[in-house]
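To start, the structure itself, in structure tokens.
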Amino acid sequence: MTLHIDTPLVESLQLSVIAGRSVWLKLDALQPPGSFKIRGIGYACETYMAQGARRFISSSGGNAGLAVAYAGRMLGLPVTVVVPETTTDRAKELLCQERANVIVHGSSWQEANAFARSLIGPKDAFLHPFNDPLLWEGHATLIDEVFRSGLTPDAIVLSVGGGGLLSGVVEGLDRNGWNGIPVIAVETTGTASFHEAIKAGHSVELEKLTSIATSLGAKRVCERAVKSAKKHPIHSVVVSDRSALSACERFLDDHRILVEPACGASLAVVYENMPELQKFSKVLVVVCGGATTTIDQIREWVKKSQ
Ligand SMILES: *Cc1c(COP(=O)(O)O)cnc(C)c1O
């Protein structure tokens, strides 16, 4: 038993017609806590518990925090999530539903994170949202499932925040002997820390984050993501917030699944049939999901972006 589920892998007729090529979807939006994050975080939580941890601590008011809260509830361990005052009521409500102990502290994520780390005692495990080898190992199960299905895509499209998903997918490709399958790594303008790292050849710290795709908002990607790009074919693409939002709306109509703009960014590459797809005839999109946005919020952002 794992804390994540084996998610559906389906061919999208709508997206295939739009892109003029076969488009497959790995529907991780359907994971119980709403995103792929439970793969790595679930695996890390189980491992830390086996090593003696009796409480989990997180400083994420987003999908990582939700995954930790879900894992703790399933494993019967208490979870403390420290979030800054800027966290939406919606996110706090979802965390409380998962029975996490939510502490609001500080005006920025940095302050909340520092406080969360100060709470760590000998029986606690701190769960980082993207920079932990256990997370990458857990995320790699997404590719194991695709491999077992018998489908061999010729490119994989996914979103990049801190680079945990990217690192895990590359690890999964590697361990299934799929070293030649390229990855199209998508960010939004204002969160493009991976794009900058690729240009520089090493990780770079962004001055500020300016996109609505808050789940992609890591000022610096993990070193592992930069290393992955040195041994695996990865193409970096940056899309606008408006493209990501439009993809969320269209995906809701086409597949009846609401995803965050962080995930819409990947879908936008297909909806706009971007040049990066031209060489490929069978494309797999990781529909990474996201539970912290509502349709009202998306429509409000759309209005503001017009
Ligand atoms: C966390 C997250 C991402 C980015 O993942 P990283 O591992 O930080 O690169 C993308 N989409 C959603 C919905 C997420 O929750």
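Lettering and numbering for the structure tokens are positional, with chains as A, B, ... in the shown order, residues counted from 1 in each chain, and ligands counted from 1 in the shown order.
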So that I can see what lies close to Arg73 in chain A, please list as a list in words the residues with an atom at most 12 Å from it, counting only C-alpha atoms and leaving out residues fewer than 2 positions away in the same chain.
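Answer for this query is Leu3, Pro33, Gly42, Cys45, Glu46, Arg55, Phe56, Leu66, Ala67, Val68, Ala69, Tyr70, Ala71, Leu75, Gly76, Leu77, Pro78, Val79, Thr80, Leu95, Cys96, Gln97, Glu98, Arg99, Ala100 and Asn101 of chain A.
Using only C-alpha atoms, the contacts of range 165-172 of chain A at a cut-off of 6 Å, with sequence neighbours closer than 3 positions omitted, comprise Trp136, Glu137, His139, Ala140, Ile143, Arg175 and Ala225 of chain A.
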Write a file of the selected residues as an mmCIF file, in the first residue's frame, keeping N, CA and C atoms.
data_model
loop_
_atom_site.group_PDB
_atom_site.id
_atom_site.type_symbol
_atom_site.label_atom_id
_atom_site.label_comp_id
_atom_site.auth_asym_id
_atom_site.auth_seq_id
_atom_site.Cartn_x
_atom_site.Cartn_y
_atom_site.Cartn_z
ATOM 1 N N TRP A 136 11.974 12.769 -4.492
ATOM 2 C CA TRP A 136 12.208 12.460 -5.909
ATOM 3 C C TRP A 136 11.942 10.988 -6.176
ATOM 4 N N GLU A 137 12.348 10.152 -5.210
ATOM 5 C CA GLU A 137 12.128 8.716 -5.353
ATOM 6 C C GLU A 137 10.623 8.412 -5.411
ATOM 7 N N HIS A 139 8.189 10.615 -6.286
ATOM 8 C CA HIS A 139 7.617 11.191 -7.519
ATOM 9 C C HIS A 139 7.894 10.290 -8.725
ATOM 10 N N ALA A 140 9.006 9.547 -8.661
ATOM 11 C CA ALA A 140 9.387 8.695 -9.801
ATOM 12 C C ALA A 140 8.356 7.604 -10.075
ATOM 13 N N ILE A 143 6.288 7.765 -13.296
ATOM 14 C CA ILE A 143 6.830 7.193 -14.536
ATOM 15 C C ILE A 143 6.758 5.659 -14.508
ATOM 16 N N ARG A 175 15.272 5.095 -14.221
ATOM 17 C CA ARG A 175 15.195 3.736 -13.653
ATOM 18 C C ARG A 175 14.361 2.791 -14.505
ATOM 19 N N ALA A 225 17.695 19.410 -9.801
ATOM 20 C CA ALA A 225 17.031 19.742 -11.068
ATOM 21 C C ALA A 225 18.056 20.226 -12.086
#
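For the atom pair formed by atom 3 (C, counted along the ligand's line) of ligand 1 and CA of Gly52 in chain A, the distance is 28.5 Å, given to one decimal.
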When you count only C-alpha atoms, which of these residues is closest to Ala200 in chain A: A:His255, A:Gly290, A:Val226, A:Ile184?
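Result for the nearest residue to Ala200 in chain A: A:Val226.
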Using only C-alpha atoms, which protein or nucleic acid residues come within 7 Å of Gly62 in chain A? Drop anything in the same chain fewer than 4 positions from it, and give the result as a PDB file with N, CA, C and O atoms, in the first residue's frame.
ATOM      1  N   LEU A  66      -0.687  20.313   2.172  1.00  0.00           N
ATOM      2  CA  LEU A  66      -1.875  19.450   2.104  1.00  0.00           C
ATOM      3  C   LEU A  66      -1.495  17.981   2.036  1.00  0.00           C
ATOM      4  O   LEU A  66      -2.135  17.126   2.649  1.00  0.00           O
ATOM      5  N   ALA A  91      -6.961  27.830   1.666  1.00  0.00           N
ATOM      6  CA  ALA A  91      -5.859  26.904   1.954  1.00  0.00           C
ATOM      7  C   ALA A  91      -5.890  26.476   3.420  1.00  0.00           C
ATOM      8  O   ALA A  91      -5.712  25.293   3.737  1.00  0.00           O
ATOM      9  N   SER A 215       2.110  27.944  -6.856  1.00  0.00           N
ATOM     10  CA  SER A 215       2.735  26.628  -6.622  1.00  0.00           C
ATOM     11  C   SER A 215       4.031  26.455  -7.412  1.00  0.00           C
ATOM     12  O   SER A 215       4.769  25.505  -7.182  1.00  0.00           O
ATOM     13  N   THR A 292      -5.633  24.301  -4.294  1.00  0.00           N
ATOM     14  CA  THR A 292      -5.840  25.541  -3.528  1.00  0.00           C
ATOM     15  C   THR A 292      -6.585  26.629  -4.297  1.00  0.00           C
ATOM     16  O   THR A 292      -6.832  27.698  -3.764  1.00  0.00           O
TER      17      THR A 292
END
Per-residue nearest contacts of chain A to ligand 1 (6 Å; only C-alpha atoms and all ligand atoms) as a tab-separated table:
residue	atom	partner	partner_atom_place_in_ligand_line	distance
A:Ser35	CA	ligand 1	13 (C)	5.6
A:Asn63	CA	ligand 1	15 (O)	4.6
A:Phe130	CA	ligand 1	7 (O)	4.9
A:Ser159	CA	ligand 1	10 (C)	5.2
A:Val160	CA	ligand 1	9 (O)	3.8
A:Gly161	CA	ligand 1	9 (O)	3.4
A:Gly162	CA	ligand 1	8 (O)	3.7
A:Gly163	CA	ligand 1	9 (O)	3.4
A:Gly164	CA	ligand 1	7 (O)	3.2
A:Leu165	CA	ligand 1	7 (O)	3.9
A:Ser215	CA	ligand 1	2 (C)	4.9
A:Leu216	CA	ligand 1	4 (C)	5.1
A:Glu260	CA	ligand 1	13 (C)	6.0
A:Ala262	CA	ligand 1	11 (N)	4.7
A:Cys263	CA	ligand 1	11 (N)	5.1
A:Cys288	CA	ligand 1	13 (C)	5.0
A:Gly289	CA	ligand 1	13 (C)	4.5
A:Gly290	CA	ligand 1	13 (C)	3.8
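Near Met274 in chain A, within a cut-off of 12 Å and counting only C-alpha atoms, sit the residues Ile18, Ala19, Gly20, Val157, Ile184, Val186, Val237, Val238, Val239, Ser243, Ala265, Ser266, Leu267, Ala268 and Phe280 of chain A, with same-chain residues fewer than 6 positions away left out.
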Name the residues of range 78-197 of chain A that fall into strand (DSSP E or B) according to DSSP on the backbone, using the chain letters and numbers of this document, as a short mmCIF file (atom, residue, chain, number, x, y, z; two decimals) with N, CA, C and O atoms, in the first residue's frame.
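Here's the written file part37.cif:
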data_model
loop_
_atom_site.label_atom_id
_atom_site.label_comp_id
_atom_site.auth_asym_id
_atom_site.auth_seq_id
_atom_site.Cartn_x
_atom_site.Cartn_y
_atom_site.Cartn_z
N VAL A 79 0.21 16.49 12.61
CA VAL A 79 0.90 17.33 11.63
C VAL A 79 0.75 18.78 12.05
O VAL A 79 -0.34 19.23 12.39
N THR A 80 1.86 19.51 12.03
CA THR A 80 1.82 20.95 12.26
C THR A 80 2.26 21.66 11.00
O THR A 80 3.32 21.34 10.44
N VAL A 81 1.43 22.59 10.53
CA VAL A 81 1.78 23.36 9.34
C VAL A 81 1.82 24.83 9.73
O VAL A 81 0.82 25.38 10.22
N VAL A 82 2.97 25.47 9.55
CA VAL A 82 3.11 26.90 9.87
C VAL A 82 2.99 27.68 8.56
O VAL A 82 3.74 27.41 7.61
N VAL A 83 2.05 28.59 8.49
CA VAL A 83 1.85 29.37 7.26
C VAL A 83 1.90 30.86 7.58
O VAL A 83 1.56 31.27 8.69
N ASN A 101 -2.68 20.78 12.49
CA ASN A 101 -2.62 21.90 13.42
C ASN A 101 -2.00 23.07 12.64
O ASN A 101 -0.83 23.03 12.29
N VAL A 102 -2.81 24.08 12.32
CA VAL A 102 -2.34 25.19 11.49
C VAL A 102 -1.93 26.36 12.38
O VAL A 102 -2.73 26.84 13.19
N ILE A 103 -0.69 26.80 12.25
CA ILE A 103 -0.20 27.96 13.00
C ILE A 103 0.08 29.08 12.00
O ILE A 103 0.84 28.88 11.04
N VAL A 104 -0.54 30.23 12.22
CA VAL A 104 -0.27 31.38 11.34
C VAL A 104 0.83 32.21 11.99
O VAL A 104 0.69 32.63 13.15
N ASP A 124 10.41 14.73 15.60
CA ASP A 124 9.71 15.38 14.49
C ASP A 124 10.45 15.18 13.18
O ASP A 124 11.68 15.09 13.16
N ALA A 125 9.70 15.15 12.08
CA ALA A 125 10.30 15.16 10.74
C ALA A 125 9.80 16.40 10.01
O ALA A 125 8.59 16.68 10.02
N PHE A 126 10.73 17.16 9.44
CA PHE A 126 10.36 18.33 8.64
C PHE A 126 10.30 17.89 7.17
O PHE A 126 11.23 17.26 6.67
N ALA A 155 7.64 12.40 -25.69
CA ALA A 155 8.05 13.58 -24.90
C ALA A 155 7.11 13.69 -23.70
O ALA A 155 5.97 13.23 -23.76
N ILE A 156 7.62 14.31 -22.64
CA ILE A 156 6.81 14.49 -21.42
C ILE A 156 6.79 15.97 -21.06
O ILE A 156 7.83 16.62 -20.98
N VAL A 157 5.58 16.51 -20.87
CA VAL A 157 5.42 17.91 -20.50
C VAL A 157 5.06 17.99 -19.02
O VAL A 157 4.14 17.30 -18.57
N LEU A 158 5.79 18.81 -18.25
CA LEU A 158 5.47 18.97 -16.83
C LEU A 158 5.83 20.38 -16.35
O LEU A 158 6.60 21.09 -17.00
N SER A 159 5.26 20.75 -15.23
CA SER A 159 5.51 22.08 -14.66
C SER A 159 6.67 22.02 -13.66
O SER A 159 6.89 21.01 -13.01
N VAL A 183 12.10 15.84 -21.81
CA VAL A 183 11.12 16.47 -20.92
C VAL A 183 11.00 17.94 -21.31
O VAL A 183 12.01 18.62 -21.54
N ILE A 184 9.77 18.41 -21.43
CA ILE A 184 9.52 19.83 -21.68
C ILE A 184 9.10 20.42 -20.34
O ILE A 184 8.05 20.06 -19.79
N ALA A 185 9.96 21.28 -19.79
CA ALA A 185 9.80 21.80 -18.42
C ALA A 185 9.21 23.20 -18.49
O ALA A 185 9.82 24.11 -19.04
N VAL A 186 8.01 23.37 -17.91
CA VAL A 186 7.25 24.60 -18.11
C VAL A 186 7.16 25.43 -16.83
O VAL A 186 6.89 24.90 -15.75
N GLU A 187 7.39 26.73 -16.98
CA GLU A 187 7.21 27.69 -15.88
C GLU A 187 6.41 28.88 -16.40
O GLU A 187 6.23 29.03 -17.60
N THR A 188 5.96 29.72 -15.48
CA THR A 188 5.31 30.96 -15.90
C THR A 188 6.30 32.12 -15.77
O THR A 188 7.26 32.05 -14.98
#
Expected answer as a PyMOL selection string: helix (DSSP H, G or I) residues in range 67-244 of chain A
chain A and resi 67-75+89-97+109-118+133-139+141-149+164-175+193-200+214-216+223-231+241-244
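Considering the residues A:Trp109, A:Tyr48, A:Gly201, A:Pro84 and counting only C-alpha atoms, Gly72 in chain A has its shortest atom-to-atom contact with A:Tyr48.
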Just checking: using only C-alpha atoms, which residue out of A:Asp174, A:Asp154, A:Glu249, A:Glu85 ends up closest to Val23 in chain A?
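Looking at the shortest contact to Val23 in chain A, the residue is A:Asp154.
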Report, in Å with one decimal, the straight-line distance from CA of Ser193 in chain A to CA of Lys230 in chain A.
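These two atoms are separated by 16.0 Å.
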Go ahead and compute the interatomic distance for CA of Lys92 in chain A and CA of Ser240 in chain A, in Å to one decimal.
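It comes out at 27.5 Å.
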Pick from A:Pro32, A:Pro261, A:Pro275, A:Gly40 nearest to Leu142 in chain A, counting only C-alpha atoms
A:Gly40
